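K.L.:
What follows is protein26.cif, mmCIF, C-alpha atoms and all ligand atoms.
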```cif
data_coords
loop_
_atom_site.label_atom_id
_atom_site.label_comp_id
_atom_site.auth_asym_id
_atom_site.auth_seq_id
_atom_site.Cartn_x
_atom_site.Cartn_y
_atom_site.Cartn_z
CA MET A 1 212.97 179.34 -82.25
CA ALA A 2 212.39 181.59 -79.28
CA SER A 3 210.05 180.18 -76.66
CA ASP A 4 208.34 182.28 -74.06
CA THR A 5 208.05 181.28 -70.44
CA LEU A 6 204.98 180.24 -68.49
CA PRO A 7 204.21 181.21 -64.88
CA ARG A 8 204.80 178.17 -62.67
CA PRO A 9 201.91 176.95 -60.53
CA PRO A 10 202.46 176.53 -56.79
CA ALA A 11 203.82 173.21 -55.54
CA ILE A 12 201.63 170.99 -53.38
CA GLY A 13 201.84 172.37 -49.83
CA LEU A 14 202.71 170.49 -46.64
CA ASP A 15 199.13 170.82 -45.42
CA GLU A 16 197.86 168.95 -48.41
CA TYR A 17 200.34 166.12 -47.91
CA ARG A 18 199.21 165.96 -44.26
CA TRP A 19 195.59 165.90 -45.36
CA ARG A 20 196.28 163.07 -47.81
CA ARG A 21 197.94 160.95 -45.13
CA ARG A 22 195.10 161.69 -42.70
CA ALA A 23 192.47 160.64 -45.25
CA LEU A 24 194.35 157.42 -46.00
CA MET A 25 194.73 156.53 -42.33
CA ASP A 26 191.07 157.28 -41.70
CA ALA A 27 190.14 154.78 -44.42
CA LEU A 28 192.14 151.94 -42.79
CA PRO A 29 191.01 149.69 -39.94
CA ALA A 30 192.08 150.41 -36.38
CA SER A 31 195.49 149.11 -35.31
CA SER A 32 196.89 149.08 -38.82
CA ALA A 33 200.13 150.50 -40.16
CA VAL A 34 201.35 151.53 -43.60
CA LEU A 35 204.80 150.72 -44.91
CA LEU A 36 205.63 152.31 -48.25
CA PRO A 37 209.09 152.36 -49.86
CA ALA A 38 210.32 155.07 -52.22
CA ALA A 39 211.66 154.13 -55.65
CA THR A 40 215.30 153.16 -56.08
CA LEU A 41 217.86 154.12 -58.70
CA VAL A 42 218.08 151.73 -61.64
CA THR A 43 221.32 151.10 -63.51
CA ARG A 44 221.20 152.06 -67.17
CA SER A 45 224.73 151.05 -68.06
CA ASN A 46 227.95 150.72 -66.10
CA ASP A 47 228.17 153.45 -63.40
CA SER A 48 225.26 155.30 -64.93
CA GLU A 49 221.67 155.29 -63.80
CA TYR A 50 218.34 156.14 -65.38
CA PRO A 51 217.16 159.56 -64.22
CA PHE A 52 215.50 159.05 -60.84
CA ARG A 53 211.73 159.14 -60.81
CA GLN A 54 209.97 158.88 -57.45
CA ASP A 55 207.32 156.23 -56.91
CA SER A 56 203.94 157.88 -57.53
CA ASP A 57 202.22 156.54 -54.39
CA PHE A 58 205.16 157.49 -52.18
CA HIS A 59 205.30 160.96 -53.75
CA TYR A 60 201.56 161.40 -53.31
CA LEU A 61 201.82 160.82 -49.56
CA CYS A 62 204.89 162.88 -48.68
CA GLY A 63 206.59 164.55 -51.65
CA PHE A 64 210.03 163.42 -50.47
CA PRO A 65 212.19 163.35 -53.60
CA GLU A 66 215.06 160.95 -52.81
CA PRO A 67 215.49 157.27 -53.60
CA ASP A 68 215.61 154.51 -50.96
CA ALA A 69 213.44 156.27 -48.40
CA LEU A 70 210.63 154.61 -46.48
CA LEU A 71 207.36 156.10 -45.23
CA LEU A 72 205.65 154.60 -42.22
CA LEU A 73 202.15 155.62 -41.13
CA LEU A 74 201.12 154.63 -37.61
CA PRO A 75 197.57 155.89 -37.00
CA GLY A 76 197.00 157.06 -33.44
CA ARG A 77 200.67 156.94 -32.35
CA GLU A 78 201.25 159.65 -29.79
CA ASP A 79 204.83 160.46 -30.79
CA GLY A 80 203.74 161.04 -34.35
CA GLU A 81 201.90 159.15 -37.03
CA ALA A 82 204.04 159.87 -40.11
CA ILE A 83 207.63 158.64 -39.93
CA LEU A 84 210.17 158.93 -42.69
CA PHE A 85 213.38 156.96 -43.02
CA CYS A 86 215.71 158.66 -45.47
CA PRO A 87 219.26 158.35 -46.78
CA ASP A 88 221.96 159.31 -44.25
CA LYS A 89 223.80 162.55 -44.71
CA ASP A 90 227.19 161.71 -46.22
CA PRO A 91 229.27 164.75 -47.23
CA ALA A 92 231.85 162.72 -49.17
CA LEU A 93 229.16 161.09 -51.29
CA GLU A 94 227.08 164.27 -51.55
CA ALA A 95 230.02 165.96 -53.27
CA TRP A 96 229.38 163.54 -56.17
CA THR A 97 225.65 162.97 -56.17
CA GLY A 98 224.16 166.10 -54.65
CA ILE A 99 222.88 167.24 -51.30
CA ARG A 100 220.68 164.88 -49.34
CA VAL A 101 217.96 166.34 -47.19
CA GLY A 102 218.84 164.22 -44.17
CA ALA A 103 216.58 163.25 -41.27
CA GLU A 104 217.01 166.49 -39.35
CA ALA A 105 215.76 168.77 -42.14
CA ALA A 106 213.16 166.31 -43.44
CA VAL A 107 210.67 166.95 -40.63
CA GLU A 108 210.46 170.66 -41.32
CA ARG A 109 210.74 170.49 -45.09
CA PHE A 110 208.31 167.64 -45.68
CA GLY A 111 205.99 167.99 -42.71
CA VAL A 112 206.36 164.44 -41.41
CA ASP A 113 206.19 163.94 -37.65
CA GLN A 114 209.53 162.19 -37.23
CA ALA A 115 212.40 161.32 -39.53
CA PHE A 116 215.32 158.94 -39.04
CA ALA A 117 218.36 158.08 -41.12
CA ASN A 118 218.23 154.79 -42.98
CA SER A 119 221.13 153.56 -40.85
CA GLU A 120 218.70 153.49 -37.91
CA ARG A 121 216.00 151.63 -39.78
CA ASP A 122 216.84 148.08 -38.83
CA GLU A 123 217.00 148.81 -35.11
CA ARG A 124 213.81 150.93 -35.06
CA LEU A 125 211.39 149.42 -37.57
CA ALA A 126 210.28 146.36 -35.61
CA GLY A 127 209.73 148.41 -32.46
CA LEU A 128 207.57 150.91 -34.33
CA LEU A 129 205.37 148.15 -35.79
CA ASP A 130 205.10 146.15 -32.56
CA GLY A 131 201.43 145.65 -31.66
CA ARG A 132 199.98 146.71 -35.04
CA HIS A 133 197.49 144.10 -36.17
CA SER A 134 197.56 144.61 -39.92
CA LEU A 135 200.37 145.92 -42.05
CA TYR A 136 199.41 147.66 -45.30
CA LEU A 137 202.12 147.66 -47.94
CA PRO A 138 202.44 147.32 -51.71
CA LEU A 139 201.99 143.54 -51.96
CA GLY A 140 204.38 142.23 -54.56
CA ASP A 141 206.98 144.97 -54.00
CA GLU A 142 210.05 142.91 -53.14
CA ARG A 143 211.64 145.48 -50.84
CA ALA A 144 208.44 146.12 -48.92
CA MET A 145 207.79 142.39 -48.56
CA ALA A 146 211.39 141.75 -47.40
CA LEU A 147 211.08 144.49 -44.77
CA ALA A 148 207.76 143.08 -43.57
CA ASP A 149 209.29 139.60 -43.33
CA GLU A 150 212.22 140.90 -41.35
CA VAL A 151 209.96 142.84 -38.97
CA ARG A 152 207.71 139.83 -38.40
CA HIS A 153 210.76 137.63 -37.84
CA GLN A 154 212.16 140.00 -35.22
CA LEU A 155 208.84 140.46 -33.41
CA LEU A 156 207.99 136.74 -33.41
CA ALA A 157 211.42 136.06 -31.89
CA ARG A 158 210.55 138.49 -29.09
CA ALA A 159 207.04 137.13 -28.53
CA ARG A 160 207.92 135.86 -25.08
CA GLN A 161 208.95 139.37 -24.09
CA GLY A 162 205.48 140.50 -25.13
CA ALA A 163 206.17 141.61 -28.70
CA ARG A 164 203.24 141.23 -31.11
CA ALA A 165 203.93 140.85 -34.82
CA PRO A 166 201.41 142.03 -37.44
CA GLN A 167 198.96 139.22 -38.11
CA ALA A 168 197.86 140.29 -41.56
CA LEU A 169 199.52 141.79 -44.58
CA ALA A 170 197.19 143.78 -46.83
CA ASP A 171 197.60 145.73 -50.05
CA ILE A 172 197.92 149.49 -49.66
CA ALA A 173 197.55 150.07 -53.39
CA VAL A 174 193.76 150.19 -53.63
CA PRO A 175 193.18 152.70 -50.79
CA ILE A 176 195.88 155.05 -52.12
CA HIS A 177 194.67 154.68 -55.70
CA GLU A 178 191.07 155.46 -54.79
CA GLN A 179 192.31 158.67 -53.23
CA ARG A 180 194.54 159.53 -56.20
CA LEU A 181 191.62 159.15 -58.62
CA ILE A 182 190.02 162.37 -57.34
CA LYS A 183 192.34 165.29 -57.96
CA SER A 184 192.51 168.24 -55.57
CA ASP A 185 192.53 171.87 -56.75
CA GLY A 186 196.31 171.92 -56.28
CA GLU A 187 196.74 168.80 -58.37
CA LEU A 188 194.51 170.22 -61.10
CA GLU A 189 196.69 173.34 -61.23
CA LEU A 190 199.74 171.15 -61.82
CA MET A 191 197.89 169.08 -64.42
CA ARG A 192 196.79 172.24 -66.25
CA HIS A 193 200.43 173.23 -66.39
CA ALA A 194 201.58 169.80 -67.68
CA ALA A 195 198.82 170.05 -70.29
CA ARG A 196 199.78 173.59 -71.26
CA ILE A 197 203.42 172.63 -71.77
CA SER A 198 202.37 169.57 -73.76
CA ALA A 199 200.11 171.71 -75.94
CA ARG A 200 202.92 174.17 -76.67
CA ALA A 201 205.13 171.30 -77.74
CA HIS A 202 202.52 170.07 -80.22
CA VAL A 203 202.07 173.58 -81.62
CA ARG A 204 205.85 173.81 -82.02
CA ALA A 205 205.88 170.48 -83.87
CA MET A 206 203.14 171.67 -86.23
CA ARG A 207 205.13 174.80 -86.99
CA SER A 208 208.42 172.94 -87.44
CA VAL A 209 207.45 169.98 -89.58
CA ARG A 210 208.42 169.74 -93.23
CA PRO A 211 209.05 166.95 -95.72
CA GLY A 212 212.50 165.43 -95.30
CA LEU A 213 212.69 165.94 -91.55
CA ALA A 214 213.34 162.78 -89.53
CA GLU A 215 210.72 161.68 -87.03
CA TYR A 216 213.35 162.02 -84.27
CA GLN A 217 213.93 165.64 -85.26
CA LEU A 218 210.28 166.36 -84.60
CA GLN A 219 210.66 164.48 -81.30
CA ALA A 220 213.56 166.85 -80.54
CA GLU A 221 211.31 169.88 -81.15
CA ILE A 222 208.69 168.42 -78.82
CA GLU A 223 211.07 167.53 -76.03
CA HIS A 224 212.93 170.85 -76.31
CA GLU A 225 209.66 172.58 -75.47
CA PHE A 226 209.04 170.24 -72.52
CA LEU A 227 212.43 170.94 -70.98
CA TRP A 228 212.30 174.65 -71.77
CA HIS A 229 209.20 174.97 -69.61
CA GLY A 230 210.65 173.01 -66.72
CA ALA A 231 209.10 169.62 -67.36
CA SER A 232 211.16 166.91 -65.73
CA ALA A 233 210.78 164.51 -68.63
CA PRO A 234 208.36 163.22 -71.21
CA ALA A 235 205.59 161.48 -69.25
CA TYR A 236 206.02 158.47 -71.56
CA SER A 237 208.07 157.67 -74.66
CA THR A 238 207.27 160.23 -77.36
CA ILE A 239 205.60 158.71 -80.41
CA VAL A 240 206.26 160.38 -83.77
CA GLY A 241 204.87 158.23 -86.58
CA GLY A 242 204.90 159.42 -90.17
CA GLY A 243 202.69 157.74 -92.80
CA ALA A 244 201.82 154.13 -91.97
CA ASN A 245 203.95 154.28 -88.80
CA ALA A 246 200.95 156.06 -87.30
CA CYS A 247 199.13 152.71 -87.42
CA VAL A 248 201.62 151.13 -84.99
CA LEU A 249 200.05 152.08 -81.69
CA HIS A 250 203.24 152.15 -79.60
CA TYR A 251 205.66 153.20 -82.34
CA ILE A 252 208.66 154.78 -80.59
CA GLU A 253 211.54 154.13 -83.04
CA ASN A 254 210.93 157.61 -84.52
CA ALA A 255 213.65 156.87 -87.08
CA ALA A 256 211.94 157.31 -90.45
CA THR A 257 211.99 160.33 -92.74
CA LEU A 258 208.75 162.32 -92.99
CA ALA A 259 207.42 162.25 -96.53
CA ASP A 260 205.61 164.91 -98.53
CA GLY A 261 201.94 163.94 -98.72
CA ASP A 262 201.93 161.85 -95.53
CA LEU A 263 200.32 162.57 -92.20
CA VAL A 264 202.35 162.45 -89.02
CA LEU A 265 200.88 161.31 -85.70
CA ILE A 266 202.47 162.65 -82.53
CA ASP A 267 201.51 161.26 -79.13
CA ALA A 268 203.55 163.17 -76.56
CA GLY A 269 203.04 164.64 -73.11
CA ALA A 270 205.19 166.46 -70.60
CA GLU A 271 205.60 165.43 -66.99
CA PHE A 272 205.51 168.44 -64.70
CA ALA A 273 205.88 168.07 -60.93
CA LEU A 274 205.32 164.36 -61.64
CA TYR A 275 201.91 164.96 -63.27
CA ALA A 276 201.42 163.77 -66.84
CA GLY A 277 200.10 165.46 -69.94
CA ASP A 278 199.00 163.14 -72.74
CA ILE A 279 198.16 164.65 -76.14
CA THR A 280 197.89 163.20 -79.61
CA ARG A 281 197.60 165.26 -82.76
CA THR A 282 197.77 164.12 -86.38
CA PHE A 283 198.62 166.61 -89.11
CA PRO A 284 199.95 166.75 -92.68
CA VAL A 285 203.72 166.86 -93.14
CA ASN A 286 203.34 169.39 -95.97
CA GLY A 287 200.69 171.49 -94.22
CA HIS A 288 197.66 170.40 -96.29
CA PHE A 289 195.33 167.43 -95.72
CA SER A 290 194.57 165.47 -98.91
CA ASP A 291 190.91 164.67 -99.52
CA ALA A 292 191.38 161.07 -98.36
CA GLN A 293 193.28 162.11 -95.23
CA ARG A 294 190.71 164.74 -94.46
CA SER A 295 187.82 162.29 -94.84
CA VAL A 296 189.37 159.97 -92.24
CA TYR A 297 190.42 162.85 -89.99
CA GLU A 298 186.97 164.45 -89.89
CA ILE A 299 185.43 161.15 -88.75
CA VAL A 300 187.87 160.79 -85.87
CA LEU A 301 187.51 164.47 -84.96
CA ALA A 302 183.71 164.35 -84.86
CA ALA A 303 183.79 161.25 -82.64
CA GLN A 304 186.40 162.85 -80.37
CA VAL A 305 184.57 166.18 -80.04
CA ARG A 306 181.29 164.46 -79.28
CA ALA A 307 182.93 162.27 -76.61
CA VAL A 308 184.68 165.27 -75.01
CA GLU A 309 181.39 167.16 -74.92
CA SER A 310 179.71 164.19 -73.24
CA VAL A 311 182.10 164.21 -70.24
CA ARG A 312 180.23 165.03 -67.05
CA SER A 313 179.43 163.51 -63.65
CA GLY A 314 177.51 160.26 -63.82
CA VAL A 315 178.71 159.19 -67.28
CA THR A 316 180.85 156.03 -67.53
CA LEU A 317 183.93 155.45 -69.68
CA GLY A 318 182.05 152.56 -71.29
CA GLU A 319 179.31 154.95 -72.43
CA LEU A 320 181.90 157.32 -73.90
CA HIS A 321 183.61 154.41 -75.67
CA ARG A 322 180.36 153.05 -77.09
CA GLY A 323 179.51 156.49 -78.48
CA VAL A 324 182.94 156.68 -80.13
CA VAL A 325 182.62 153.18 -81.58
CA ARG A 326 179.26 154.11 -83.05
CA ASP A 327 180.56 157.31 -84.65
CA LEU A 328 183.70 155.63 -86.00
CA THR A 329 181.82 152.61 -87.35
CA ARG A 330 179.32 154.88 -89.12
CA GLY A 331 182.29 156.69 -90.64
CA LEU A 332 183.94 153.44 -91.71
CA ILE A 333 180.73 152.50 -93.56
CA GLU A 334 180.65 155.94 -95.23
CA LEU A 335 184.25 155.46 -96.32
CA GLY A 336 183.35 152.08 -97.81
CA LEU A 337 185.72 150.26 -95.48
CA LEU A 338 182.84 148.39 -93.84
CA GLU A 339 179.58 147.34 -95.43
CA GLY A 340 176.01 146.86 -94.32
CA ASP A 341 174.09 147.79 -91.24
CA LEU A 342 175.61 150.00 -88.54
CA ASP A 343 174.35 147.98 -85.59
CA ALA A 344 175.44 144.74 -87.23
CA ARG A 345 178.99 146.06 -87.73
CA ILE A 346 179.12 147.24 -84.13
CA ASP A 347 177.82 143.88 -82.88
CA ASP A 348 180.23 141.77 -84.90
CA GLU A 349 183.08 144.13 -83.91
CA SER A 350 184.38 144.39 -87.46
CA TYR A 351 185.32 147.99 -86.63
CA ARG A 352 188.13 146.51 -84.53
CA ARG A 353 190.20 146.05 -87.67
CA PHE A 354 190.51 149.85 -87.63
CA TYR A 355 190.04 150.80 -83.96
CA LEU A 356 191.19 148.33 -81.37
CA HIS A 357 192.13 150.37 -78.32
CA SER A 358 189.88 151.95 -75.73
CA THR A 359 188.83 155.58 -75.77
CA SER A 360 189.93 156.69 -72.30
CA HIS A 361 192.16 156.13 -69.33
CA TRP A 362 192.64 157.98 -66.07
CA LEU A 363 195.42 160.58 -66.05
CA GLY A 364 197.42 161.92 -63.11
CA LEU A 365 200.78 161.13 -61.54
CA ASP A 366 200.91 158.17 -63.93
CA VAL A 367 200.01 158.59 -67.57
CA HIS A 368 197.81 155.52 -67.29
CA ASP A 369 196.74 156.60 -63.86
CA VAL A 370 195.53 154.44 -61.03
CA GLY A 371 192.03 154.03 -59.66
CA GLY A 372 189.44 151.36 -60.33
CA TYR A 373 187.50 151.42 -63.58
CA ARG A 374 184.66 149.62 -61.81
CA ARG A 375 183.05 150.20 -58.47
CA ASP A 376 181.11 147.53 -56.59
CA GLY A 377 181.21 145.44 -59.74
CA GLU A 378 179.61 148.17 -61.88
CA PRO A 379 181.24 150.53 -64.41
CA ARG A 380 182.37 153.55 -62.47
CA GLN A 381 180.55 156.83 -62.94
CA LEU A 382 182.59 159.98 -63.47
CA GLU A 383 182.87 162.39 -60.55
CA PRO A 384 184.26 165.93 -60.25
CA GLY A 385 188.03 165.80 -59.79
CA MET A 386 188.62 162.84 -62.07
CA VAL A 387 190.86 163.44 -65.09
CA LEU A 388 190.69 161.25 -68.18
CA THR A 389 191.83 161.20 -71.78
CA ILE A 390 189.58 161.03 -74.83
CA GLU A 391 191.60 159.45 -77.62
CA PRO A 392 189.76 157.80 -80.50
CA GLY A 393 191.64 156.85 -83.64
CA LEU A 394 191.35 155.08 -86.97
CA TYR A 395 194.24 153.02 -88.30
CA ILE A 396 193.77 151.82 -91.86
CA PRO A 397 196.08 148.96 -92.75
CA ASP A 398 198.17 148.96 -95.90
CA ASP A 399 196.25 145.93 -97.23
CA SER A 400 195.32 145.10 -100.82
CA ASP A 401 191.56 145.04 -100.14
CA ILE A 402 191.63 148.69 -98.98
CA PRO A 403 191.17 151.52 -101.55
CA ALA A 404 194.68 152.74 -102.40
CA ALA A 405 194.04 156.33 -101.30
CA LEU A 406 193.17 155.22 -97.75
CA ARG A 407 195.94 152.67 -97.19
CA GLY A 408 198.29 153.38 -94.31
CA ILE A 409 196.39 156.39 -92.97
CA GLY A 410 196.51 156.52 -89.18
CA VAL A 411 194.73 159.25 -87.21
CA ARG A 412 194.40 159.66 -83.44
CA ILE A 413 193.25 162.79 -81.61
CA GLU A 414 193.72 162.88 -77.84
CA ASP A 415 192.83 165.48 -75.23
CA ASP A 416 192.98 165.55 -71.43
CA VAL A 417 189.68 166.34 -69.73
CA ALA A 418 188.87 167.07 -66.08
CA VAL A 419 185.40 166.36 -64.73
CA THR A 420 183.99 169.42 -62.95
CA ALA A 421 180.87 170.13 -60.93
CA SER A 422 179.22 171.75 -63.94
CA GLY A 423 180.52 169.44 -66.68
CA HIS A 424 184.12 169.31 -67.79
CA GLU A 425 187.25 171.30 -68.52
CA VAL A 426 189.49 170.46 -71.49
CA LEU A 427 193.02 170.87 -70.15
CA THR A 428 194.65 170.61 -73.57
CA ALA A 429 192.55 173.12 -75.51
CA ASP A 430 195.64 175.21 -76.41
CA VAL A 431 196.57 172.99 -79.35
CA PRO A 432 194.28 173.12 -82.39
CA LYS A 433 192.55 170.07 -83.82
CA ARG A 434 190.14 171.39 -86.47
CA VAL A 435 191.49 170.99 -90.02
CA GLU A 436 191.21 174.71 -90.79
CA ASP A 437 192.96 175.69 -87.57
CA ILE A 438 195.80 173.21 -88.07
CA GLU A 439 196.35 174.26 -91.68
CA ALA A 440 196.28 177.94 -90.69
CA LEU A 441 198.84 177.34 -87.95
CA MET A 442 201.10 175.44 -90.31
CA VAL A 443 201.27 178.15 -92.97
CA LYS A 444 204.94 179.15 -93.08
CA HIS A 445 205.63 182.80 -92.45
N1 LIG B 501 200.42 157.92 -74.66
C1 LIG B 501 199.81 156.77 -74.13
C2 LIG B 501 198.35 156.84 -74.28
O1 LIG B 501 197.86 157.69 -74.98
O2 LIG B 501 197.65 156.11 -73.66
MN MN B 502 196.44 158.39 -73.54
MN MN B 503 198.75 159.46 -75.61
#
```
What would the structure in this file look like if it were written as structure tokens?

P.N.:
Amino acid sequence: MASDTLPRPPAIGLDEYRWRRRALMDALPASSAVLLPAATLVTRSNDSEYPFRQDSDFHYLCGFPEPDALLLLLPGREDGEAILFCPDKDPALEAWTGIRVGAEAAVERFGVDQAFANSERDERLAGLLDGRHSLYLPLGDERAMALADEVRHQLLARARQGARAPQALADIAVPIHEQRLIKSDGELELMRHAARISARAHVRAMRSVRPGLAEYQLQAEIEHEFLWHGASAPAYSTIVGGGANACVLHYIENAATLADGDLVLIDAGAEFALYAGDITRTFPVNGHFSDAQRSVYEIVLAAQVRAVESVRSGVTLGELHRGVVRDLTRGLIELGLLEGDLDARIDDESYRRFYLHSTSHWLGLDVHDVGGYRRDGEPRQLEPGMVLTIEPGLYIPDDSDIPAALRGIGVRIEDDVAVTASGHEVLTADVPKRVEDIEALMVKH
């Protein structure tokens, strides 16, 4: 199947990385320092590693793409505030594993103030942190904690010569994550692109599916489209669940055969420039919704559309979720799966037999992106620049008390939505979700 190409959005520029570091430093107390390690390679099996994926916080602050680097921020330092330690140049090794940027080129290419090879780290690190009162680092990251220990050890040993070790260790995660929660225009461009690629992949899956195909073959169609458009990887493990497999929320075996008359649920998103797309669509394997499937689908769709349309500044994720729960519970009563009064069924949470996850999460460099869901103890209000998913679903168990026609039907519909000054922008609008539009797309030519 021929696939067209999409124009690539511009990468994040050096000025923006500088601005991000400046904003972070401005949010920290005087006389503090930041120590932030890059990710490392992880062995997959003997002599073979998982594809490298940079740590999201590290990437956010400097964009340096290699493993085992270290970013140091020293607010107010005259010789430069942003210092990068990076892997040494090593031509013999580079012949096997690829060119390393090296300290010399890193300053110009990544806009840091100074860069040193990792081989100089042990002799320089303590001196650079001498006199800083508090050291911000990812608490709980073993490498960061070991480096901080070593630095403190060295500086305490030199106390009589006037060295002053950091007195306090503090977590850098929250300040970085607060910043990451609000996306810049450049980030939104990259997220639109991740969403666009993800949408194309879902359209391709709708066009490719047929009874008898294996779930993994549909996964192959999806991931082909991701790679074709320059995505680095799926942003998370692709879920392709036919029939009742759709009711397993994190089903990733993708090993079953897709049956005529079943629905298939696909939850898949591309990662582009480290930003995640996250889309779910549910559609009939044979191209036509049965009446029972359609009745469930229309309930989820109406709840999803209403929640998407409610996204704007000032709304909370809890409000969106409560609206979805109300719409889904009303639908469950209409289907005869729940009985009695709507408010009573919401209050006793009996809807949770069919809908037990939340409606939204933040989206960004991580698919479940960072940033607090509460602020000052209160549910956080949406602000322009935030990006979230809206992903209601109904999962009807294959149980004997359920009408046979509804058993094992699982439906989830998920879009990615950015909050804007005037309301919202649906980033994933390129993939249809109305029954008529899906069925029209699936008609074989
Ligand atoms: N794909 C993971 C999620 O939707 O949250
Ligand atoms: Mn999601
Ligand atoms: Mn998803």

K.L.:
Please identify every polymer residue within 8 Å of ligand MN 502 (chain B), using only C-alpha atoms and all ligand atoms, and present the set as a list in words.

P.N.:
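Sorted by chain and then by number, the residues are Asp278, Ile279, Thr280, Ser360, His361, Leu363, Val367, His368, Thr389, Ile390, Glu391 and Glu414 of chain A.
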
K.L.:
So which residues touch Ser310 of chain A within 9 Å, counting all atoms listed in the file, skipping near sequence neighbours fewer than 3 positions away, as an mmCIF file with C-alpha atoms, keeping the file's coordinate frame?

P.N.:
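The resulting file, part.cif, is shown below:
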```cif
data_model
loop_
_atom_site.group_PDB
_atom_site.id
_atom_site.type_symbol
_atom_site.label_atom_id
_atom_site.label_comp_id
_atom_site.auth_asym_id
_atom_site.auth_seq_id
_atom_site.Cartn_x
_atom_site.Cartn_y
_atom_site.Cartn_z
ATOM 1 C CA VAL A 305 184.570 166.180 -80.040
ATOM 2 C CA ARG A 306 181.290 164.460 -79.280
ATOM 3 C CA ALA A 307 182.930 162.270 -76.610
ATOM 4 C CA VAL A 315 178.710 159.190 -67.280
ATOM 5 C CA LEU A 320 181.900 157.320 -73.900
ATOM 6 C CA GLY A 423 180.520 169.440 -66.680
ATOM 7 C CA HIS A 424 184.120 169.310 -67.790
#
```

K.L.:
Compare A:Arg192, A:Arg21, A:Arg180, A:His133 by their minimum atom-to-atom distance to Pro166 of chain A, counting all atoms listed in the file, and give me the closest one.

P.N.:
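Distance minimum relative to Pro166 of chain A lands on A:His133.
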
K.L.:
Report as a compact mmCIF listing (two decimals) with C-alpha atoms, in the frame of the given file all protein, DNA and RNA residues lying within 12 Å of Gly140 of chain A, evaluated on all atoms listed in the file, omitting residues in the same chain fewer than 2 positions from it.

P.N.:
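Dumped to result-v1.txt:
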```txt
# COMPACT_ATOMS: atom_id res chain seq x y z
CA LEU A 36 205.63 152.31 -48.25
CA TYR A 136 199.41 147.66 -45.30
CA LEU A 137 202.12 147.66 -47.94
CA PRO A 138 202.44 147.32 -51.71
CA GLU A 142 210.05 142.91 -53.14
CA ARG A 143 211.64 145.48 -50.84
CA ALA A 144 208.44 146.12 -48.92
CA MET A 145 207.79 142.39 -48.56
CA ALA A 146 211.39 141.75 -47.40
CA ALA A 148 207.76 143.08 -43.57
CA LEU A 169 199.52 141.79 -44.58
CA ALA A 170 197.19 143.78 -46.83
CA ASP A 171 197.60 145.73 -50.05
CA ILE A 172 197.92 149.49 -49.66
CA ALA A 173 197.55 150.07 -53.39
```

K.L.:
When distances are computed from only C-alpha atoms, which of A:Pro65, A:Glu94, A:Leu129, A:Ser184 shows the smallest separation from Trp19 of chain A?

P.N.:
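Ranking A:Pro65, A:Glu94, A:Leu129, A:Ser184 by distance to Trp19 of chain A, first place goes to A:Ser184.
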
K.L.:
Quick one: residues within 12 Å of ligand LIG 501 (chain B), with all atoms listed in the file, as a PyMOL selection string?

P.N.:
chain A and resi 198+234-240+249-252+265-271+276-281+357-363+366-369+388-393+412-416

K.L.:
Would you save the residues of that selection, restricted to C-alpha atoms, as a short mmCIF file (atom, residue, chain, number, x, y, z; two decimals), keeping the file's coordinate frame?

P.N.:
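Contents of result.cif, as written:
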```cif
data_model
loop_
_atom_site.label_atom_id
_atom_site.label_comp_id
_atom_site.auth_asym_id
_atom_site.auth_seq_id
_atom_site.Cartn_x
_atom_site.Cartn_y
_atom_site.Cartn_z
CA SER A 198 202.37 169.57 -73.76
CA PRO A 234 208.36 163.22 -71.21
CA ALA A 235 205.59 161.48 -69.25
CA TYR A 236 206.02 158.47 -71.56
CA SER A 237 208.07 157.67 -74.66
CA THR A 238 207.27 160.23 -77.36
CA ILE A 239 205.60 158.71 -80.41
CA VAL A 240 206.26 160.38 -83.77
CA LEU A 249 200.05 152.08 -81.69
CA HIS A 250 203.24 152.15 -79.60
CA TYR A 251 205.66 153.20 -82.34
CA ILE A 252 208.66 154.78 -80.59
CA LEU A 265 200.88 161.31 -85.70
CA ILE A 266 202.47 162.65 -82.53
CA ASP A 267 201.51 161.26 -79.13
CA ALA A 268 203.55 163.17 -76.56
CA GLY A 269 203.04 164.64 -73.11
CA ALA A 270 205.19 166.46 -70.60
CA GLU A 271 205.60 165.43 -66.99
CA ALA A 276 201.42 163.77 -66.84
CA GLY A 277 200.10 165.46 -69.94
CA ASP A 278 199.00 163.14 -72.74
CA ILE A 279 198.16 164.65 -76.14
CA THR A 280 197.89 163.20 -79.61
CA ARG A 281 197.60 165.26 -82.76
CA HIS A 357 192.13 150.37 -78.32
CA SER A 358 189.88 151.95 -75.73
CA THR A 359 188.83 155.58 -75.77
CA SER A 360 189.93 156.69 -72.30
CA HIS A 361 192.16 156.13 -69.33
CA TRP A 362 192.64 157.98 -66.07
CA LEU A 363 195.42 160.58 -66.05
CA ASP A 366 200.91 158.17 -63.93
CA VAL A 367 200.01 158.59 -67.57
CA HIS A 368 197.81 155.52 -67.29
CA ASP A 369 196.74 156.60 -63.86
CA LEU A 388 190.69 161.25 -68.18
CA THR A 389 191.83 161.20 -71.78
CA ILE A 390 189.58 161.03 -74.83
CA GLU A 391 191.60 159.45 -77.62
CA PRO A 392 189.76 157.80 -80.50
CA GLY A 393 191.64 156.85 -83.64
CA ARG A 412 194.40 159.66 -83.44
CA ILE A 413 193.25 162.79 -81.61
CA GLU A 414 193.72 162.88 -77.84
CA ASP A 415 192.83 165.48 -75.23
CA ASP A 416 192.98 165.55 -71.43
#
```

K.L.:
Given only C-alpha atoms as the basis, pick out the residue of A:Val417, A:Ile346, A:Val264, A:Ala303 nearest to Asn245 of chain A.

P.N.:
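Of A:Val417, A:Ile346, A:Val264, A:Ala303, the one nearest Asn245 of chain A, counting only C-alpha atoms, is A:Val264.
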